[in-house]
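Novice: Would you mind keeping the following structure in view while I ask a few things?
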Amino acid sequence: MAYDYLGLVNDVNRRLNEVELTADNFASAIGFYSATKESVNSSIRFINQEQFEWPYNHVEQEDTLTPGEVRYAYPADAKTIDFDSFRIKRNTTFNNSTQRLTTLSYEEYLDKFIDLEYNSDETVRTLPNRIFRTPSQEYGVVPSPDKAYELVYEYYRLPVDLISATDVPTVPEQFRHVIVDGAMYYAYLFRGNSQDATIVYQKYIEGIKNMKTLYINRYDYLRSTVITSNSKLVRAL
């Protein structure tokens with residue numbers, strides 16, 4: 001069975017001994033089948049709400065800066081943006097190397113650099129070296145750019161609901177069973193079967209915990225810098 005919206009819905013239908021949908025009648029499904037479709041999306045939404053930064057929702061974005069322009073809008077699907085990841089990309093035409101931008105608080109920007117937004121003097125423009133977050137879902141660069149530099153950064157997106165039969169979730173296929181367990185929970189609730197809903201809910205939560213163990217609960221490797229003495233040398237001395 002294909003790993004797509006139709007396949008996930010039919011996973012639930014098979015578990016409940018219901019007739020499977022097809023690509024032809026999927027869009028027009030009503031009643032229980034419509035509820036099953038919604039249960040799959042509800043399951044995926046819950047998984048994505050359990051963790052802000054699932055790695056499968058990670059995106060690398062590239063924006064082209066506009067000379068004289070300080071502020072730029074976030075991507076429409078941005079959930080969280082990693083402000084430590086901003087860098088100006090190497091460009092041989094502009095003769096600039098790759099440069100990481102340091103973060104600047106919005107308050108400091110207002111205190112020291114706000115005039116850049118209103119100053120049309122091109123002599124104040126140059127290669128940006130700082131980045132700041134605005135209160136209005138925008139980021140800003142300082143100084144204002146003098147060329148159309150390529151700015152690269154990373155963020156985590158807000159997944160959208162599945163709609164078409166062939167839509168594929170961002171959750172990797174290896175966790176298909178977790179999505180289906182969650183969908184079964186919502187399907188049992190729809191049927192008024194609270195006992196089975198409670199049982200499958202525990203499996204669902206355990207599946208999400210396992211996902212966190214694999215993807216989130218990791219620790220950076222720390223290399224010891226302690227210099228150990230040579231035992232033979234110590235004895236010789």
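Ordering of the structure tokens sets the chain letters (A, B, ...); residue numbers start at 1 within each chain; ligands are numbered from 1 in the order shown.
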Go through stretch 36-103 of chain A residue by residue and, counting only C-alpha atoms, keep those with an atom at most 8 Å from stretch 169-178 of chain A; for each kept residue give the shortest atom pair and its distance in Å to one decimal, ordered by chain and increasing number, as CSV.

Specialist:
```
residue,atom,partner,partner_atom,distance
A:Ile44,CA,A:Val171,CA,7.8
A:Tyr56,CA,A:Thr170,CA,6.4
A:Asn57,CA,A:Thr170,CA,6.8
```

Novice: Could those selected residues go to a file with all heavy atoms, as an mmCIF file, in the first residue's frame?

Specialist:
```cif
data_model
loop_
_atom_site.group_PDB
_atom_site.id
_atom_site.type_symbol
_atom_site.label_atom_id
_atom_site.label_comp_id
_atom_site.auth_asym_id
_atom_site.auth_seq_id
_atom_site.Cartn_x
_atom_site.Cartn_y
_atom_site.Cartn_z
ATOM 1 N N ILE A 44 -1.654 13.291 12.610
ATOM 2 C CA ILE A 44 -0.428 13.952 12.144
ATOM 3 C C ILE A 44 -0.257 15.303 12.823
ATOM 4 O O ILE A 44 0.853 15.675 13.220
ATOM 5 C CB ILE A 44 -0.451 14.096 10.608
ATOM 6 C CG1 ILE A 44 -0.435 12.715 9.950
ATOM 7 C CG2 ILE A 44 0.723 14.942 10.124
ATOM 8 C CD1 ILE A 44 -0.657 12.744 8.456
ATOM 9 N N TYR A 56 12.403 16.221 10.261
ATOM 10 C CA TYR A 56 11.810 16.057 8.937
ATOM 11 C C TYR A 56 11.032 17.295 8.486
ATOM 12 O O TYR A 56 10.586 17.375 7.334
ATOM 13 C CB TYR A 56 10.913 14.814 8.892
ATOM 14 C CG TYR A 56 9.860 14.729 9.975
ATOM 15 C CD1 TYR A 56 8.688 15.474 9.908
ATOM 16 C CD2 TYR A 56 10.026 13.886 11.062
ATOM 17 C CE1 TYR A 56 7.722 15.395 10.903
ATOM 18 C CE2 TYR A 56 9.065 13.790 12.061
ATOM 19 C CZ TYR A 56 7.920 14.545 11.977
ATOM 20 O OH TYR A 56 6.960 14.461 12.962
ATOM 21 N N ASN A 57 10.855 18.264 9.392
ATOM 22 C CA ASN A 57 10.229 19.538 9.017
ATOM 23 C C ASN A 57 11.265 20.645 8.826
ATOM 24 O O ASN A 57 10.912 21.817 8.706
ATOM 25 C CB ASN A 57 9.208 19.965 10.080
ATOM 26 C CG ASN A 57 7.961 19.104 10.062
ATOM 27 O OD1 ASN A 57 7.543 18.632 9.010
ATOM 28 N ND2 ASN A 57 7.355 18.894 11.216
#
```

Novice: Using DSSP assignments from the backbone, pull out every residue in stretch 29-142 of chain A that falls under strand (DSSP E) and give it to me as a compact mmCIF listing (two decimals) with C-alpha atoms, in the first residue's frame.

Specialist:
```
# COMPACT_ATOMS: atom_id res chain seq x y z
CA HIS A 58 13.63 21.22 8.67
CA VAL A 59 14.08 23.56 5.69
CA GLU A 60 17.07 25.46 4.34
CA GLN A 61 15.92 28.77 2.90
CA GLU A 62 17.75 31.08 0.52
CA ASP A 63 16.65 34.71 0.12
CA THR A 64 18.09 37.32 -2.21
CA ARG A 71 13.57 43.98 6.74
CA TYR A 72 12.34 40.75 5.12
CA ALA A 73 9.26 38.60 5.76
CA ALA A 78 7.78 29.04 9.08
CA LYS A 79 7.16 27.64 12.57
CA THR A 80 10.48 28.43 14.24
CA ILE A 81 13.53 30.07 12.68
CA ASP A 82 17.09 29.30 13.76
CA PHE A 83 18.66 32.75 14.06
CA ASP A 84 22.06 31.21 14.71
CA SER A 85 22.06 29.76 11.18
CA PHE A 86 22.00 32.97 9.12
CA ARG A 87 24.92 33.39 6.73
CA ILE A 88 25.75 35.33 3.59
CA GLN A 99 30.05 34.97 6.33
CA ARG A 100 27.98 34.04 9.34
CA THR A 102 25.75 37.47 14.52
CA THR A 103 22.45 38.06 16.29
CA LEU A 104 21.38 41.48 17.45
CA ARG A 130 24.28 41.10 11.83
CA ILE A 131 20.74 39.74 11.98
CA PHE A 132 17.81 40.68 14.24
CA ARG A 133 14.29 39.40 14.88
CA GLU A 138 10.22 39.53 9.94
CA TYR A 139 13.99 39.45 10.20
CA GLY A 140 16.34 42.32 9.53
CA VAL A 141 19.94 42.69 8.40
CA VAL A 142 22.55 45.24 9.48
```

Novice: Quick check for you: according to DSSP on this backbone, which residues of stretch 44-149 of chain A are classed as helix (DSSP H, G or I)? Reply as a VMD selection string.

Specialist: chain A and resid 44 to 49 55 to 57 106 to 112 114 to 117 122 to 124

Novice: Restricted to N, CA, C and O atoms, what would the selected residues look like written as a PDB file, in the first residue's frame?

Specialist:
```pdb
ATOM      1  N   ILE A  44      -1.654  13.291  12.610  1.00  0.00           N
ATOM      2  CA  ILE A  44      -0.428  13.952  12.144  1.00  0.00           C
ATOM      3  C   ILE A  44      -0.257  15.303  12.823  1.00  0.00           C
ATOM      4  O   ILE A  44       0.853  15.675  13.220  1.00  0.00           O
ATOM      5  N   ARG A  45      -1.348  16.050  12.982  1.00  0.00           N
ATOM      6  CA  ARG A  45      -1.277  17.350  13.657  1.00  0.00           C
ATOM      7  C   ARG A  45      -0.761  17.190  15.080  1.00  0.00           C
ATOM      8  O   ARG A  45       0.085  17.958  15.543  1.00  0.00           O
ATOM      9  N   PHE A  46      -1.285  16.180  15.775  1.00  0.00           N
ATOM     10  CA  PHE A  46      -0.881  15.958  17.163  1.00  0.00           C
ATOM     11  C   PHE A  46       0.604  15.624  17.248  1.00  0.00           C
ATOM     12  O   PHE A  46       1.314  16.133  18.119  1.00  0.00           O
ATOM     13  N   ILE A  47       1.084  14.793  16.344  1.00  0.00           N
ATOM     14  CA  ILE A  47       2.513  14.448  16.324  1.00  0.00           C
ATOM     15  C   ILE A  47       3.354  15.705  16.133  1.00  0.00           C
ATOM     16  O   ILE A  47       4.339  15.928  16.843  1.00  0.00           O
ATOM     17  N   ASN A  48       2.978  16.543  15.194  1.00  0.00           N
ATOM     18  CA  ASN A  48       3.751  17.745  14.905  1.00  0.00           C
ATOM     19  C   ASN A  48       3.663  18.778  16.020  1.00  0.00           C
ATOM     20  O   ASN A  48       4.590  19.573  16.214  1.00  0.00           O
ATOM     21  N   GLN A  49       2.563  18.770  16.777  1.00  0.00           N
ATOM     22  CA  GLN A  49       2.439  19.700  17.896  1.00  0.00           C
ATOM     23  C   GLN A  49       3.226  19.240  19.122  1.00  0.00           C
ATOM     24  O   GLN A  49       3.528  20.037  20.003  1.00  0.00           O
ATOM     25  N   PRO A  55      13.098  16.968  12.881  1.00  0.00           N
ATOM     26  CA  PRO A  55      14.071  17.165  11.796  1.00  0.00           C
ATOM     27  C   PRO A  55      13.486  17.006  10.404  1.00  0.00           C
ATOM     28  O   PRO A  55      14.003  17.585   9.442  1.00  0.00           O
ATOM     29  N   TYR A  56      12.403  16.221  10.261  1.00  0.00           N
ATOM     30  CA  TYR A  56      11.810  16.057   8.937  1.00  0.00           C
ATOM     31  C   TYR A  56      11.032  17.295   8.486  1.00  0.00           C
ATOM     32  O   TYR A  56      10.586  17.375   7.334  1.00  0.00           O
ATOM     33  N   ASN A  57      10.855  18.264   9.392  1.00  0.00           N
ATOM     34  CA  ASN A  57      10.229  19.538   9.017  1.00  0.00           C
ATOM     35  C   ASN A  57      11.265  20.645   8.826  1.00  0.00           C
ATOM     36  O   ASN A  57      10.912  21.817   8.706  1.00  0.00           O
ATOM     37  N   TYR A 106      16.452  43.252  19.078  1.00  0.00           N
ATOM     38  CA  TYR A 106      15.642  44.281  18.406  1.00  0.00           C
ATOM     39  C   TYR A 106      15.813  45.630  19.094  1.00  0.00           C
ATOM     40  O   TYR A 106      15.852  46.670  18.434  1.00  0.00           O
ATOM     41  N   GLU A 107      15.926  45.603  20.418  1.00  0.00           N
ATOM     42  CA  GLU A 107      16.094  46.846  21.168  1.00  0.00           C
ATOM     43  C   GLU A 107      17.406  47.538  20.799  1.00  0.00           C
ATOM     44  O   GLU A 107      17.461  48.760  20.629  1.00  0.00           O
ATOM     45  N   GLU A 108      18.482  46.740  20.651  1.00  0.00           N
ATOM     46  CA  GLU A 108      19.767  47.324  20.271  1.00  0.00           C
ATOM     47  C   GLU A 108      19.723  47.871  18.856  1.00  0.00           C
ATOM     48  O   GLU A 108      20.327  48.904  18.555  1.00  0.00           O
ATOM     49  N   TYR A 109      18.971  47.159  17.985  1.00  0.00           N
ATOM     50  CA  TYR A 109      18.823  47.663  16.618  1.00  0.00           C
ATOM     51  C   TYR A 109      18.133  49.028  16.625  1.00  0.00           C
ATOM     52  O   TYR A 109      18.563  49.957  15.936  1.00  0.00           O
ATOM     53  N   LEU A 110      17.071  49.150  17.412  1.00  0.00           N
ATOM     54  CA  LEU A 110      16.343  50.420  17.473  1.00  0.00           C
ATOM     55  C   LEU A 110      17.216  51.528  18.052  1.00  0.00           C
ATOM     56  O   LEU A 110      17.143  52.687  17.612  1.00  0.00           O
ATOM     57  N   ASP A 111      18.057  51.168  19.017  1.00  0.00           N
ATOM     58  CA  ASP A 111      18.912  52.181  19.659  1.00  0.00           C
ATOM     59  C   ASP A 111      20.031  52.662  18.749  1.00  0.00           C
ATOM     60  O   ASP A 111      20.367  53.847  18.745  1.00  0.00           O
ATOM     61  N   LYS A 112      20.603  51.736  17.949  1.00  0.00           N
ATOM     62  CA  LYS A 112      21.835  52.077  17.242  1.00  0.00           C
ATOM     63  C   LYS A 112      21.727  52.155  15.714  1.00  0.00           C
ATOM     64  O   LYS A 112      22.521  52.854  15.083  1.00  0.00           O
ATOM     65  N   ILE A 114      18.475  52.081  13.677  1.00  0.00           N
ATOM     66  CA  ILE A 114      17.161  52.269  13.077  1.00  0.00           C
ATOM     67  C   ILE A 114      17.194  53.258  11.907  1.00  0.00           C
ATOM     68  O   ILE A 114      16.393  53.157  10.965  1.00  0.00           O
ATOM     69  N   ASP A 115      18.141  54.181  11.910  1.00  0.00           N
ATOM     70  CA  ASP A 115      18.208  55.173  10.830  1.00  0.00           C
ATOM     71  C   ASP A 115      18.490  54.536   9.472  1.00  0.00           C
ATOM     72  O   ASP A 115      18.202  55.136   8.432  1.00  0.00           O
ATOM     73  N   LEU A 116      19.017  53.285   9.473  1.00  0.00           N
ATOM     74  CA  LEU A 116      19.288  52.612   8.202  1.00  0.00           C
ATOM     75  C   LEU A 116      18.024  52.430   7.372  1.00  0.00           C
ATOM     76  O   LEU A 116      18.084  52.403   6.136  1.00  0.00           O
ATOM     77  N   GLU A 117      16.879  52.325   8.021  1.00  0.00           N
ATOM     78  CA  GLU A 117      15.628  52.108   7.312  1.00  0.00           C
ATOM     79  C   GLU A 117      15.156  53.352   6.567  1.00  0.00           C
ATOM     80  O   GLU A 117      14.337  53.263   5.659  1.00  0.00           O
ATOM     81  N   GLU A 122      23.569  55.824  -0.273  1.00  0.00           N
ATOM     82  CA  GLU A 122      24.133  54.522  -0.635  1.00  0.00           C
ATOM     83  C   GLU A 122      25.487  54.265   0.010  1.00  0.00           C
ATOM     84  O   GLU A 122      25.927  53.109   0.068  1.00  0.00           O
ATOM     85  N   THR A 123      26.136  55.280   0.516  1.00  0.00           N
ATOM     86  CA  THR A 123      27.460  55.083   1.116  1.00  0.00           C
ATOM     87  C   THR A 123      27.380  54.354   2.458  1.00  0.00           C
ATOM     88  O   THR A 123      28.400  53.855   2.947  1.00  0.00           O
ATOM     89  N   VAL A 124      26.185  54.276   3.071  1.00  0.00           N
ATOM     90  CA  VAL A 124      26.051  53.573   4.360  1.00  0.00           C
ATOM     91  C   VAL A 124      25.765  52.092   4.144  1.00  0.00           C
ATOM     92  O   VAL A 124      25.683  51.319   5.102  1.00  0.00           O
TER      93      VAL A 124
END
```

Novice: As an exercise, work out the distance from atom CA of A:Pro135 to atom CA of A:Pro67 in Å and give it to one decimal place.

Specialist: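 These atoms are spaced 22.6 Å apart.
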
Novice: So that I can check the surroundings of A:Ser164, please list as an NGL selection string every protein, DNA and RNA residue that reaches within 10 Å of it, counting only C-alpha atoms and ignoring chain neighbours fewer than 2 positions away.

Specialist: :A and (4-6 or 23 or 26-27 or 161-162 or 166-168)
